[in-house]
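Student: The structure is given below, and queries will be raised subsequently.
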Amino acid sequence: MNLRLFRIVAWTLAGLLTVAVVYVGLNREAGQKLVAATGGGIGGPFALTRSDGSQFTDRELAGSPYLVFFGFTHCPEVCPTTLWEASGWLKELGKDADRLKMVFVTVDPERDTSEVLAEYMTSFDPRIVALTGTPEAVEAIKKAYKVYSRKVPTEDGDYTVDHTASIYLMHGDGSFSGTIAYQESADTVLEKLRRLIANG
């Protein structure tokens, strides 16, 4: 009787293990397909303005892996935290950081002029290029990177902006590699960045 019960339990566990393996495999495959499908649709040409007033286009990023982060200077937490962390990553990467580029694109061009961005970016690594532009130009790059942003009125009659908080990882040929989530662990981020740099 005990032997029979043991066999039933063993076969049940084996069946559950098989189902689990198949489930994980299918979900991994689905995830890979999703990344591949999304990767083909993120990024593209753009023309914006640097914080010094000069023009900056996607052509200046060609040939080197790069990061794209969207935010705004009136952001109370996500943007300054992310830019401060990114400054730390660049420092931690040492000489490898010279092979990587990063841009910070405002989602609030009405308030974030070149002058405002120039002052704001003094708190962060100077290698991070801040970009603004006309509302139309900003909408175009948001669409290219599938970025969400929405103005939210505040009680004092002003507004804030809800927006995508992830950083986009891009290869030097302009293809999408992945993302860095808000407040992702530094060790994980540095591993992603080193892999991006190695793959170009």
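By order in the structure tokens, chains are A, B, ...; within a chain, residues start at 1; ligands start at 1, following the order shown.
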Which residues are near Phe104 (chain A)? Cut-off 9 Å, only C-alpha atoms, ignore same chain within fewer than 4 positions. Put them as a PDB file with C-alpha atoms, in the first residue's frame.
Tutor:
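Wrote result-v7.pdb, looks like this:
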```
ATOM      1  CA  LEU A  67      20.960  55.121 -23.910  1.00  0.00           C
ATOM      2  CA  VAL A  68      17.802  57.183 -24.325  1.00  0.00           C
ATOM      3  CA  PHE A  69      15.895  58.475 -21.310  1.00  0.00           C
ATOM      4  CA  PHE A  70      12.726  60.602 -21.444  1.00  0.00           C
ATOM      5  CA  GLY A  71      11.744  62.980 -18.649  1.00  0.00           C
ATOM      6  CA  PHE A  72      11.422  66.636 -17.675  1.00  0.00           C
ATOM      7  CA  LEU A  83      20.027  60.920 -14.031  1.00  0.00           C
ATOM      8  CA  ILE A 128      24.652  63.069 -20.744  1.00  0.00           C
ATOM      9  CA  VAL A 129      23.288  65.178 -23.615  1.00  0.00           C
ATOM     10  CA  ALA A 130      19.998  66.945 -22.849  1.00  0.00           C
ATOM     11  CA  LEU A 131      17.630  67.506 -25.767  1.00  0.00           C
ATOM     12  CA  THR A 132      14.523  69.565 -26.414  1.00  0.00           C
TER      13      THR A 132
END
```
Student: Fewer than 2 positions away in the same chain doesn't count, so skip those; otherwise give me all residues within 8 Å of Ala144 (chain A), counting only C-alpha atoms, as a PyMOL selection string.
Tutor: chain A and resi 41-44+140-142+146-147
Student: Quick one: pick out all alpha helix (DSSP H) residues within region 37-184 of chain A from a backbone DSSP run and write them as a ChimeraX atom specification.
Tutor: /A:37-39,78-93,114-120,135-144
Student: May I ask which of the residues A:Ser114, A:Thr49, A:Ser177, A:Thr154 is the closest one to Gly200 (chain A), counting only C-alpha atoms?
Tutor: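 Using only C-alpha atoms, Gly200 (chain A) sits closest to A:Ser177.
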Student: I'd like the neighbourhood of Pro65 (chain A) as a list in words, where a residue qualifies if any of its atoms comes within 6 Å (using only C-alpha atoms), though same-chain residues fewer than 3 positions away should be ignored.
Tutor: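 Listing them by chain and then by number gives Leu100, Met170, His171, Gly172 and Gly200 of chain A.
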Student: Dump N, CA and C atoms for the selected residues as a short mmCIF file (atom, residue, chain, number, x, y, z; two decimals), in the first residue's frame?
Tutor:
```cif
data_model
loop_
_atom_site.label_atom_id
_atom_site.label_comp_id
_atom_site.auth_asym_id
_atom_site.auth_seq_id
_atom_site.Cartn_x
_atom_site.Cartn_y
_atom_site.Cartn_z
N LEU A 100 30.18 54.67 -24.85
CA LEU A 100 28.74 54.69 -24.67
C LEU A 100 28.24 56.13 -24.68
N MET A 170 20.20 50.96 -26.74
CA MET A 170 20.23 50.88 -28.20
C MET A 170 21.62 50.51 -28.71
N HIS A 171 21.65 49.68 -29.74
CA HIS A 171 22.92 49.34 -30.38
C HIS A 171 23.36 50.48 -31.30
N GLY A 172 24.61 50.44 -31.69
CA GLY A 172 25.16 51.49 -32.55
C GLY A 172 24.51 51.58 -33.92
N GLY A 200 28.31 46.39 -29.06
CA GLY A 200 28.32 47.54 -29.97
C GLY A 200 26.95 48.02 -30.41
#
```
Student: Closest to Ser54 (chain A) among A:Ile167, A:Ala198, A:Ala118, A:Leu190, using only C-alpha atoms?
Tutor: A:Ala118
Student: Would you mind listing what lies within 8 Å of Tyr182 (chain A) as a list of chain:residue names, with only C-alpha atoms counted and same-chain residues fewer than 6 positions away left out?
Tutor: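 The filter keeps A:Val78, A:Thr82, A:Ala165, A:Ser166, A:Ile167.
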Student: Those same residues, written as a PDB file, in the first residue's frame with N, CA and C atoms?
Tutor:
```
ATOM      1  N   VAL A  78      11.543  60.784 -10.197  1.00  0.00           N
ATOM      2  CA  VAL A  78      12.047  59.778 -11.147  1.00  0.00           C
ATOM      3  C   VAL A  78      13.208  60.298 -11.977  1.00  0.00           C
ATOM      4  N   THR A  82      17.056  59.069 -11.636  1.00  0.00           N
ATOM      5  CA  THR A  82      17.599  58.288 -12.750  1.00  0.00           C
ATOM      6  C   THR A  82      18.861  58.928 -13.312  1.00  0.00           C
ATOM      7  N   ALA A 165       9.242  55.608 -17.547  1.00  0.00           N
ATOM      8  CA  ALA A 165      10.401  55.816 -16.678  1.00  0.00           C
ATOM      9  C   ALA A 165      11.602  54.954 -17.053  1.00  0.00           C
ATOM     10  N   SER A 166      11.455  54.070 -18.023  1.00  0.00           N
ATOM     11  CA  SER A 166      12.556  53.186 -18.406  1.00  0.00           C
ATOM     12  C   SER A 166      13.590  53.910 -19.262  1.00  0.00           C
ATOM     13  N   ILE A 167      14.807  53.399 -19.226  1.00  0.00           N
ATOM     14  CA  ILE A 167      15.868  53.863 -20.119  1.00  0.00           C
ATOM     15  C   ILE A 167      15.969  52.852 -21.255  1.00  0.00           C
TER      16      ILE A 167
END
```
Student: Please compute the CA of Asp108 (chain A)-CA of Gly88 (chain A) distance, one decimal, in Å.
Tutor: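 Computing it gives 25.0 Å between the two atoms.
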Student: For a quick check of understanding, using only C-alpha atoms, which of A:Thr57, A:Ser175, A:Gln183, A:Asn199 has the smallest distance to Val105 (chain A)?
Tutor: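 Answer, going by the shortest atom-to-atom distance: A:Thr57.
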Student: Just the number, please: distance in Å from CA of Thr188 (chain A) to CA of Gly174 (chain A), one decimal.
Tutor: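 Atom-to-atom, CA of Thr188 (chain A) and CA of Gly174 (chain A) are spaced 22.5 Å apart.
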Student: Could you tell me which of A:Ser185, A:Ser87, A:Thr81, A:Ser149 comes closest to Val103 (chain A) if we count only C-alpha atoms?
Tutor: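 For Val103 (chain A), the nearest of the candidates is A:Ser87.
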Student: Identify, on the basis of only C-alpha atoms, every residue whose closest approach to Asp187 (chain A) does not exceed 10 Å; exclude the query and any residue fewer than 5 positions from it along the same chain; express the result as a VMD selection string.
Tutor: chain A and resid 89 192 to 193
